[in-house]
$ cat run.cif   # mmCIF, C-alpha atoms
data_structure
#
loop_
_atom_site.label_atom_id
_atom_site.label_comp_id
_atom_site.auth_asym_id
_atom_site.auth_seq_id
_atom_site.Cartn_x
_atom_site.Cartn_y
_atom_site.Cartn_z
CA MET A 1 -7.34 2.84 -10.31
CA ARG A 2 -3.93 4.48 -10.36
CA SER A 3 -2.84 7.90 -9.19
CA VAL A 4 0.13 9.95 -8.04
CA LYS A 5 0.93 9.37 -4.36
CA THR A 6 -0.97 11.70 -2.04
CA GLY A 7 0.90 14.86 -1.14
CA THR A 8 3.50 14.52 -3.89
CA TRP A 9 4.28 16.42 -7.06
CA VAL A 10 7.00 16.37 -9.70
CA ARG A 11 8.46 18.88 -12.12
CA ASN A 12 10.51 18.38 -15.25
CA GLU A 13 11.70 20.67 -18.03
CA ILE A 14 12.52 19.96 -21.65
CA GLU A 15 13.72 22.35 -24.36
CA ILE A 16 12.58 22.05 -27.96
CA GLN A 17 13.69 24.54 -30.61
CA ARG A 18 14.60 27.01 -27.84
CA SER A 19 11.12 26.83 -26.30
CA ARG A 20 11.07 25.73 -22.66
CA PHE A 21 8.34 23.31 -21.56
CA ILE A 22 8.10 23.09 -17.76
CA THR A 23 5.70 20.39 -16.55
CA THR A 24 4.36 20.32 -13.01
CA LEU A 25 2.27 17.30 -12.10
CA ALA A 26 0.48 16.69 -8.80
CA HIS A 27 -2.03 14.58 -6.93
CA THR A 28 -5.38 16.43 -6.96
CA PRO A 29 -8.28 14.19 -5.89
CA THR A 30 -11.07 16.70 -6.58
CA GLU A 31 -11.91 19.16 -9.35
CA GLU A 32 -11.64 22.04 -6.89
CA GLU A 33 -8.11 21.02 -5.93
CA ALA A 34 -7.20 20.56 -9.59
CA ARG A 35 -8.33 24.06 -10.50
CA ALA A 36 -6.61 25.53 -7.45
CA PHE A 37 -3.38 23.79 -8.44
CA ILE A 38 -3.60 25.18 -11.98
CA ALA A 39 -4.15 28.67 -10.55
CA SER A 40 -1.10 28.30 -8.30
CA ILE A 41 1.13 27.43 -11.28
CA ARG A 42 -0.19 30.44 -13.19
CA GLU A 43 0.78 32.60 -10.23
CA GLU A 44 4.24 31.01 -10.10
CA PHE A 45 4.88 31.64 -13.82
CA PRO A 46 2.93 34.83 -14.59
CA ASP A 47 5.30 35.85 -17.40
CA ALA A 48 4.95 32.60 -19.36
CA ARG A 49 3.15 32.79 -22.68
CA HIS A 50 1.15 29.62 -21.96
CA ASN A 51 0.20 27.57 -18.91
CA CYS A 52 -1.63 24.66 -20.55
CA SER A 53 -3.36 22.12 -18.33
CA ALA A 54 -5.19 18.84 -18.07
CA PHE A 55 -6.67 16.89 -15.18
CA VAL A 56 -8.61 13.70 -14.48
CA VAL A 57 -10.62 13.26 -11.29
CA LYS A 58 -13.12 10.63 -10.19
CA PRO A 59 -15.78 11.84 -7.74
CA GLU A 60 -16.98 9.10 -5.39
CA GLY A 61 -19.63 7.00 -7.08
CA LEU A 62 -19.35 8.87 -10.39
CA ASN A 63 -17.51 8.40 -13.66
CA GLU A 64 -14.15 10.02 -14.34
CA ILE A 65 -14.12 13.71 -15.24
CA GLY A 66 -11.45 14.97 -17.62
CA HIS A 67 -10.69 18.57 -18.55
CA SER A 68 -8.02 20.33 -20.59
CA SER A 69 -7.04 23.83 -21.67
CA ASP A 70 -4.84 24.99 -24.57
CA ASP A 71 -4.39 28.39 -22.89
CA GLY A 72 -3.76 30.27 -26.12
CA GLU A 73 -1.96 27.55 -28.08
CA PRO A 74 -3.63 26.53 -31.38
CA SER A 75 -6.80 24.57 -30.63
CA GLY A 76 -6.17 20.93 -29.78
CA THR A 77 -2.36 21.12 -29.74
CA ALA A 78 -1.70 21.30 -25.98
CA GLY A 79 -4.44 20.49 -23.49
CA PRO A 80 -6.07 17.56 -25.35
CA PRO A 81 -2.73 15.76 -25.99
CA MET A 82 -1.86 16.21 -22.32
CA LEU A 83 -5.23 14.80 -21.28
CA GLU A 84 -4.79 11.88 -23.67
CA VAL A 85 -1.57 10.91 -21.89
CA LEU A 86 -3.30 10.90 -18.49
CA LEU A 87 -6.18 8.81 -19.85
CA ARG A 88 -3.85 6.41 -21.66
CA GLU A 89 -1.85 5.84 -18.48
CA GLY A 90 -5.07 5.25 -16.53
CA VAL A 91 -4.38 7.73 -13.74
CA VAL A 92 -7.05 9.65 -11.82
CA GLY A 93 -6.83 12.43 -9.26
CA VAL A 94 -3.95 13.92 -11.24
CA THR A 95 -3.35 17.37 -12.75
CA ALA A 96 -0.61 18.36 -15.19
CA VAL A 97 0.33 21.93 -16.08
CA VAL A 98 2.84 22.59 -18.85
CA THR A 99 4.31 26.07 -18.75
CA ARG A 100 5.79 27.19 -22.08
CA TYR A 101 8.30 29.96 -22.63
CA PHE A 102 8.35 30.60 -26.38
CA GLY A 103 11.79 30.39 -27.98
CA GLY A 104 11.00 32.28 -31.17
CA ILE A 105 10.72 29.26 -33.48
CA LEU A 106 7.28 28.01 -34.52
CA LEU A 107 6.85 24.27 -33.95
CA GLY A 108 3.70 23.67 -35.98
CA ALA A 109 0.70 21.70 -34.81
CA GLY A 110 2.46 18.34 -34.92
CA GLY A 111 5.47 19.65 -33.07
CA LEU A 112 3.33 21.17 -30.33
CA ILE A 113 1.33 17.97 -29.86
CA ARG A 114 4.53 15.95 -29.52
CA ALA A 115 6.08 18.49 -27.15
CA TYR A 116 3.13 18.65 -24.76
CA SER A 117 2.58 14.86 -24.85
CA THR A 118 6.26 14.16 -24.19
CA SER A 119 6.36 16.67 -21.34
CA VAL A 120 3.52 14.98 -19.47
CA SER A 121 4.75 11.44 -20.23
CA THR A 122 8.17 12.31 -18.81
CA ALA A 123 6.66 13.79 -15.66
CA LEU A 124 4.55 10.67 -15.09
CA GLN A 125 7.66 8.50 -15.42
CA MET A 126 9.23 10.55 -12.63
CA ALA A 127 6.18 10.44 -10.36
CA GLN A 128 5.50 7.88 -7.64
CA ILE A 129 2.46 6.02 -9.00
CA VAL A 130 0.22 4.11 -6.60
CA GLU A 131 -2.78 1.80 -6.94
CA ILE A 132 -5.98 3.13 -5.36
CA ARG A 133 -7.89 0.24 -3.81
CA PRO A 134 -11.32 0.36 -2.12
CA VAL A 135 -11.36 -1.23 1.33
CA LEU A 136 -13.85 -1.96 4.10
CA ARG A 137 -13.19 -0.62 7.59
CA PHE A 138 -14.05 -2.17 10.93
CA GLU A 139 -13.59 -0.96 14.50
CA LEU A 140 -12.73 -3.35 17.33
CA ASP A 141 -13.27 -2.38 20.98
CA ILE A 142 -10.76 -4.41 22.97
CA PRO A 143 -9.85 -4.35 26.69
CA HIS A 144 -6.48 -2.70 27.21
CA ALA A 145 -4.98 -5.87 28.69
CA PHE A 146 -5.36 -7.71 25.39
CA ALA A 147 -5.14 -4.89 22.83
CA GLY A 148 -1.40 -5.11 22.21
CA ARG A 149 -1.45 -8.85 21.63
CA ILE A 150 -4.42 -8.70 19.28
CA GLU A 151 -2.99 -5.76 17.34
CA ALA A 152 0.31 -7.62 16.89
CA ASP A 153 -1.55 -10.77 15.83
CA LEU A 154 -3.56 -8.89 13.19
CA ARG A 155 -0.50 -7.12 11.82
CA ALA A 156 1.41 -10.42 11.66
CA ARG A 157 -1.43 -11.87 9.57
CA GLY A 158 -1.21 -8.96 7.11
CA TYR A 159 -4.18 -6.87 8.22
CA GLU A 160 -3.90 -3.08 7.83
CA ILE A 161 -4.35 -1.27 11.18
CA THR A 162 -5.15 2.32 10.21
CA ASP A 163 -5.83 3.79 13.65
CA VAL A 164 -5.57 2.97 17.36
CA GLN A 165 -7.42 4.96 20.02
CA TYR A 166 -7.05 4.42 23.78
CA ARG A 167 -10.04 5.43 25.89
CA GLU A 168 -12.07 3.22 28.26
CA VAL A 169 -11.09 0.45 25.86
CA ALA A 170 -8.63 0.29 22.98
CA THR A 171 -10.32 0.83 19.61
CA LEU A 172 -8.51 -0.58 16.60
CA THR A 173 -9.55 0.41 13.08
CA VAL A 174 -8.82 -2.30 10.53
CA ALA A 175 -8.96 -1.96 6.72
CA LEU A 176 -9.46 -5.00 4.51
CA ALA A 177 -10.67 -6.05 1.08
CA GLU A 178 -14.27 -7.20 0.62
CA GLU A 179 -13.20 -10.79 -0.02
CA MET A 180 -11.55 -10.92 3.42
CA ARG A 181 -14.74 -10.06 5.31
CA ALA A 182 -15.82 -13.57 6.30
CA ASP A 183 -12.32 -14.70 7.28
CA PHE A 184 -11.84 -11.55 9.35
CA HIS A 185 -15.03 -12.09 11.35
CA SER A 186 -14.06 -15.72 11.97
CA LEU A 187 -10.57 -14.72 13.06
CA ILE A 188 -11.78 -12.07 15.51
CA ALA A 189 -14.25 -14.53 17.03
CA GLU A 190 -11.39 -17.03 17.44
CA ILE A 191 -8.68 -14.79 18.90
CA THR A 192 -11.06 -12.98 21.28
CA ALA A 193 -13.06 -16.06 22.29
CA GLY A 194 -16.18 -14.44 20.85
CA GLU A 195 -15.96 -11.41 23.17
CA VAL A 196 -15.33 -8.82 20.42
CA THR A 197 -17.61 -8.16 17.46
CA PRO A 198 -16.23 -6.07 14.56
CA ARG A 199 -18.23 -2.90 13.95
CA GLU A 200 -18.33 -1.87 10.28
CA ILE A 201 -17.83 1.84 9.53
CA SER A 202 -17.62 3.84 6.29
CA PRO A 203 -15.39 2.34 3.57
CA THR A 204 -12.36 4.19 2.23
CA THR A 205 -9.45 3.73 -0.16
CA ILE A 206 -5.79 2.95 0.41
CA GLU A 207 -2.70 3.55 -1.70
CA VAL A 208 -0.49 0.63 -2.67
CA GLU A 209 2.76 1.05 -4.60
CA ALA A 210 2.14 0.15 -8.23
#

$ encode --input "run.cif" --output "structure tokens"
Amino acid sequence: MRSVKTGTWVRNEIEIQRSRFITTLAHTPTEEEARAFIASIREEFPDARHNCSAFVVKPEGLNEIGHSSDDGEPSGTAGPPMLEVLLREGVVGVTAVVTRYFGGILLGAGGLIRAYSTSVSTALQMAQIVEIRPVLRFELDIPHAFAGRIEADLRARGYEITDVQYREVATLTVALAEEMRADFHSLIAEITAGEVTPREISPTTIEVEA
């Protein structure tokens, strides 16, 4: 899966026949966040004639959910073309809002479809797109005397250390792909002389630059 990098958003503006099309695109991993983002853009541009929108989210374990709104434009000329761009580009957890200030010249259905599609395509080209990859997570409880060496060894071998906690022992959280499971268990047994057993916890996802 692909998405816009967490915590980022982009904005671009194009002018067509004196109408201004301002696109704001953001990472919104849930439907609730998508709708809240749309509401925030409406509040930012309350005097605009249209704030058309589209989003695609993928709830955990479910299929993708797509939604669009023409917000007063002729039916099918704004929201659906915007959604089509998001689907074509294969991004999820993304919301686009195109704010239009009418310039007094009618664009026709074809012109509107091209304008809204182009607006979202341009914003996506500006955005930082990342790959969303599912990963397993394991915790390792390691004596403090050896934690630094083992952490450095794992990092040097390309393992992703996502958290380190120091209590009675040092607890490292390691993220890895499913296909690395067996090698990881063998490696931990080797570098700790069998004294540490990885403890599997809930899986998650990581972002990798596309």

$ residues_near_point --input "run.cif" --point "(-9.1, -0.2, 13.2)" --cutoff "6 Å" --atoms "all atoms listed in the file" --output "JSON list (two decimals) with C-alpha atoms, in the coordinates of the input"
[["chain", "number", "residue", "atom", "x", "y", "z"],
["A", 138, "PHE", "CA", -14.05, -2.17, 10.93],
["A", 139, "GLU", "CA", -13.59, -0.96, 14.50],
["A", 161, "ILE", "CA", -4.35, -1.27, 11.18],
["A", 162, "THR", "CA", -5.15, 2.32, 10.21],
["A", 163, "ASP", "CA", -5.83, 3.79, 13.65],
["A", 172, "LEU", "CA", -8.51, -0.58, 16.60],
["A", 173, "THR", "CA", -9.55, 0.41, 13.08],
["A", 174, "VAL", "CA", -8.82, -2.30, 10.53]]

$ atom_distance --input "run.cif" --atom1 "atom CA of A:Gln128" --atom2 "atom CA of A:Arg20"
24.0 Å

$ atom_distance --input "run.cif" --atom1 "atom CA of A:Ser69" --atom2 "atom CA of A:Ser53"
5.3 Å

$ closest_residue --input "run.cif" --among "A:Ile16, A:Ile132, A:Ala147, A:Ile41" --to "A:Val92" --atoms "all atoms listed in the file"
A:Ile132

$ atom_distance --input "run.cif" --atom1 "atom CA of A:Glu13" --atom2 "atom CA of A:Ala54"
17.0 Å

$ closest_residue --input "run.cif" --among "A:Tyr166, A:Val120, A:Ser19, A:Ser186" --to "A:Ile105" --atoms "all atoms listed in the file"
A:Ser19

$ closest_residue --input "run.cif" --among "A:Gly93, A:Phe184, A:Ile14, A:Arg2" --to "A:Arg114" --atoms "only C-alpha atoms"
A:Ile14

$ resolve_selection --input "run.cif" --expression "the PyMOL selection byres ((chain A and resi 150) around 12)" --output "PyMOL selection string"
chain A and resi 140-149+151-157+159+161+164+170-172+174+187-193+196

$ closest_residue --input "run.cif" --among "A:Thr95, A:Arg100, A:Glu195, A:Arg181" --to "A:Ile65" --atoms "only C-alpha atoms"
A:Thr95

$ decode --input "run.cif" --residues "stretch 146-162 of chain A" --atoms "all heavy atoms" --output "mmCIF file, in the first residue's frame"
data_model
loop_
_atom_site.group_PDB
_atom_site.id
_atom_site.type_symbol
_atom_site.label_atom_id
_atom_site.label_comp_id
_atom_site.auth_asym_id
_atom_site.auth_seq_id
_atom_site.Cartn_x
_atom_site.Cartn_y
_atom_site.Cartn_z
ATOM 1 N N PHE A 146 24.746 -5.850 28.395
ATOM 2 C CA PHE A 146 24.901 -6.314 27.015
ATOM 3 C C PHE A 146 23.973 -5.598 26.035
ATOM 4 O O PHE A 146 24.050 -5.824 24.826
ATOM 5 C CB PHE A 146 24.625 -7.819 26.939
ATOM 6 C CG PHE A 146 25.405 -8.617 27.937
ATOM 7 C CD1 PHE A 146 24.774 -9.181 29.037
ATOM 8 C CD2 PHE A 146 26.771 -8.788 27.803
ATOM 9 C CE1 PHE A 146 25.494 -9.911 29.969
ATOM 10 C CE2 PHE A 146 27.492 -9.517 28.733
ATOM 11 C CZ PHE A 146 26.855 -10.082 29.826
ATOM 12 N N ALA A 147 23.076 -4.757 26.544
ATOM 13 C CA ALA A 147 22.036 -4.170 25.689
ATOM 14 C C ALA A 147 22.619 -3.322 24.566
ATOM 15 O O ALA A 147 22.181 -3.412 23.413
ATOM 16 C CB ALA A 147 21.076 -3.342 26.531
ATOM 17 N N GLY A 148 23.599 -2.483 24.885
ATOM 18 C CA GLY A 148 24.167 -1.605 23.873
ATOM 19 C C GLY A 148 24.808 -2.377 22.742
ATOM 20 O O GLY A 148 24.629 -2.047 21.558
ATOM 21 N N ARG A 149 25.550 -3.416 23.083
ATOM 22 C CA ARG A 149 26.220 -4.215 22.054
ATOM 23 C C ARG A 149 25.203 -4.922 21.161
ATOM 24 O O ARG A 149 25.343 -4.935 19.935
ATOM 25 C CB ARG A 149 27.140 -5.246 22.715
ATOM 26 C CG ARG A 149 27.774 -6.203 21.721
ATOM 27 C CD ARG A 149 28.695 -7.201 22.413
ATOM 28 N NE ARG A 149 27.979 -8.025 23.383
ATOM 29 C CZ ARG A 149 27.260 -9.101 23.060
ATOM 30 N NH1 ARG A 149 27.128 -9.466 21.782
ATOM 31 N NH2 ARG A 149 26.670 -9.819 24.001
ATOM 32 N N ILE A 150 24.179 -5.492 21.780
ATOM 33 C CA ILE A 150 23.191 -6.234 20.995
ATOM 34 C C ILE A 150 22.364 -5.289 20.128
ATOM 35 O O ILE A 150 22.073 -5.592 18.965
ATOM 36 C CB ILE A 150 22.295 -7.070 21.933
ATOM 37 C CG1 ILE A 150 23.132 -8.195 22.554
ATOM 38 C CG2 ILE A 150 21.092 -7.637 21.178
ATOM 39 C CD1 ILE A 150 22.418 -9.005 23.591
ATOM 40 N N GLU A 151 22.012 -4.123 20.677
ATOM 41 C CA GLU A 151 21.277 -3.143 19.869
ATOM 42 C C GLU A 151 22.102 -2.725 18.657
ATOM 43 O O GLU A 151 21.584 -2.669 17.528
ATOM 44 C CB GLU A 151 20.924 -1.917 20.703
ATOM 45 C CG GLU A 151 20.175 -0.865 19.904
ATOM 46 C CD GLU A 151 19.875 0.398 20.700
ATOM 47 O OE1 GLU A 151 20.133 0.421 21.915
ATOM 48 O OE2 GLU A 151 19.384 1.378 20.090
ATOM 49 N N ALA A 152 23.384 -2.436 18.876
ATOM 50 C CA ALA A 152 24.255 -2.029 17.766
ATOM 51 C C ALA A 152 24.389 -3.143 16.740
ATOM 52 O O ALA A 152 24.396 -2.896 15.523
ATOM 53 C CB ALA A 152 25.627 -1.626 18.299
ATOM 54 N N ASP A 153 24.480 -4.383 17.211
ATOM 55 C CA ASP A 153 24.603 -5.528 16.310
ATOM 56 C C ASP A 153 23.352 -5.663 15.440
ATOM 57 O O ASP A 153 23.445 -5.854 14.218
ATOM 58 C CB ASP A 153 24.815 -6.792 17.134
ATOM 59 C CG ASP A 153 25.265 -7.980 16.283
ATOM 60 O OD1 ASP A 153 25.238 -7.875 15.045
ATOM 61 O OD2 ASP A 153 25.642 -9.015 16.863
ATOM 62 N N LEU A 154 22.180 -5.541 16.058
ATOM 63 C CA LEU A 154 20.938 -5.661 15.303
ATOM 64 C C LEU A 154 20.801 -4.545 14.273
ATOM 65 O O LEU A 154 20.398 -4.781 13.126
ATOM 66 C CB LEU A 154 19.743 -5.647 16.262
ATOM 67 C CG LEU A 154 19.568 -6.895 17.129
ATOM 68 C CD1 LEU A 154 18.460 -6.680 18.157
ATOM 69 C CD2 LEU A 154 19.261 -8.118 16.268
ATOM 70 N N ARG A 155 21.113 -3.326 14.676
ATOM 71 C CA ARG A 155 21.030 -2.201 13.737
ATOM 72 C C ARG A 155 21.998 -2.402 12.568
ATOM 73 O O ARG A 155 21.669 -2.106 11.406
ATOM 74 C CB ARG A 155 21.324 -0.880 14.452
ATOM 75 C CG ARG A 155 20.240 -0.446 15.443
ATOM 76 C CD ARG A 155 20.519 0.945 15.975
ATOM 77 N NE ARG A 155 19.604 1.329 17.041
ATOM 78 C CZ ARG A 155 18.373 1.819 16.839
ATOM 79 N NH1 ARG A 155 17.930 2.002 15.605
ATOM 80 N NH2 ARG A 155 17.610 2.152 17.866
ATOM 81 N N ALA A 156 23.209 -2.887 12.864
ATOM 82 C CA ALA A 156 24.206 -3.096 11.819
ATOM 83 C C ALA A 156 23.741 -4.150 10.814
ATOM 84 O O ALA A 156 24.118 -4.108 9.636
ATOM 85 C CB ALA A 156 25.533 -3.519 12.438
ATOM 86 N N ARG A 157 22.906 -5.072 11.266
ATOM 87 C CA ARG A 157 22.389 -6.119 10.384
ATOM 88 C C ARG A 157 21.099 -5.698 9.676
ATOM 89 O O ARG A 157 20.491 -6.491 8.964
ATOM 90 C CB ARG A 157 22.145 -7.396 11.185
ATOM 91 C CG ARG A 157 23.412 -8.031 11.754
ATOM 92 C CD ARG A 157 23.063 -9.159 12.709
ATOM 93 N NE ARG A 157 24.229 -9.698 13.389
ATOM 94 C CZ ARG A 157 24.906 -10.788 13.008
ATOM 95 N NH1 ARG A 157 24.514 -11.442 11.919
ATOM 96 N NH2 ARG A 157 25.942 -11.213 13.690
ATOM 97 N N GLY A 158 20.669 -4.447 9.902
ATOM 98 C CA GLY A 158 19.520 -3.920 9.180
ATOM 99 C C GLY A 158 18.176 -4.081 9.863
ATOM 100 O O GLY A 158 17.135 -3.789 9.264
ATOM 101 N N TYR A 159 18.180 -4.506 11.136
ATOM 102 C CA TYR A 159 16.909 -4.645 11.849
ATOM 103 C C TYR A 159 16.435 -3.284 12.348
ATOM 104 O O TYR A 159 17.243 -2.424 12.720
ATOM 105 C CB TYR A 159 17.052 -5.613 13.027
ATOM 106 C CG TYR A 159 17.121 -7.058 12.588
ATOM 107 C CD1 TYR A 159 18.353 -7.687 12.401
ATOM 108 C CD2 TYR A 159 15.974 -7.792 12.345
ATOM 109 C CE1 TYR A 159 18.433 -9.010 11.988
ATOM 110 C CE2 TYR A 159 16.035 -9.119 11.927
ATOM 111 C CZ TYR A 159 17.262 -9.716 11.743
ATOM 112 O OH TYR A 159 17.336 -11.019 11.338
ATOM 113 N N GLU A 160 15.105 -3.094 12.356
ATOM 114 C CA GLU A 160 14.498 -1.825 12.756
ATOM 115 C C GLU A 160 14.198 -1.861 14.250
ATOM 116 O O GLU A 160 13.317 -2.604 14.712
ATOM 117 C CB GLU A 160 13.195 -1.612 11.970
ATOM 118 C CG GLU A 160 12.474 -0.318 12.298
ATOM 119 C CD GLU A 160 13.046 0.878 11.563
ATOM 120 O OE1 GLU A 160 13.830 0.672 10.622
ATOM 121 O OE2 GLU A 160 12.691 2.005 11.928
ATOM 122 N N ILE A 161 14.936 -1.070 15.040
ATOM 123 C CA ILE A 161 14.678 -0.950 16.480
ATOM 124 C C ILE A 161 13.700 0.208 16.659
ATOM 125 O O ILE A 161 14.048 1.366 16.417
ATOM 126 C CB ILE A 161 15.961 -0.676 17.282
ATOM 127 C CG1 ILE A 161 17.059 -1.678 16.921
ATOM 128 C CG2 ILE A 161 15.659 -0.700 18.782
ATOM 129 C CD1 ILE A 161 16.764 -3.098 17.260
ATOM 130 N N THR A 162 12.476 -0.098 17.074
ATOM 131 C CA THR A 162 11.457 0.954 17.154
ATOM 132 C C THR A 162 11.315 1.553 18.542
ATOM 133 O O THR A 162 10.707 2.605 18.690
ATOM 134 C CB THR A 162 10.091 0.411 16.701
ATOM 135 O OG1 THR A 162 9.699 -0.674 17.560
ATOM 136 C CG2 THR A 162 10.154 -0.077 15.262
#
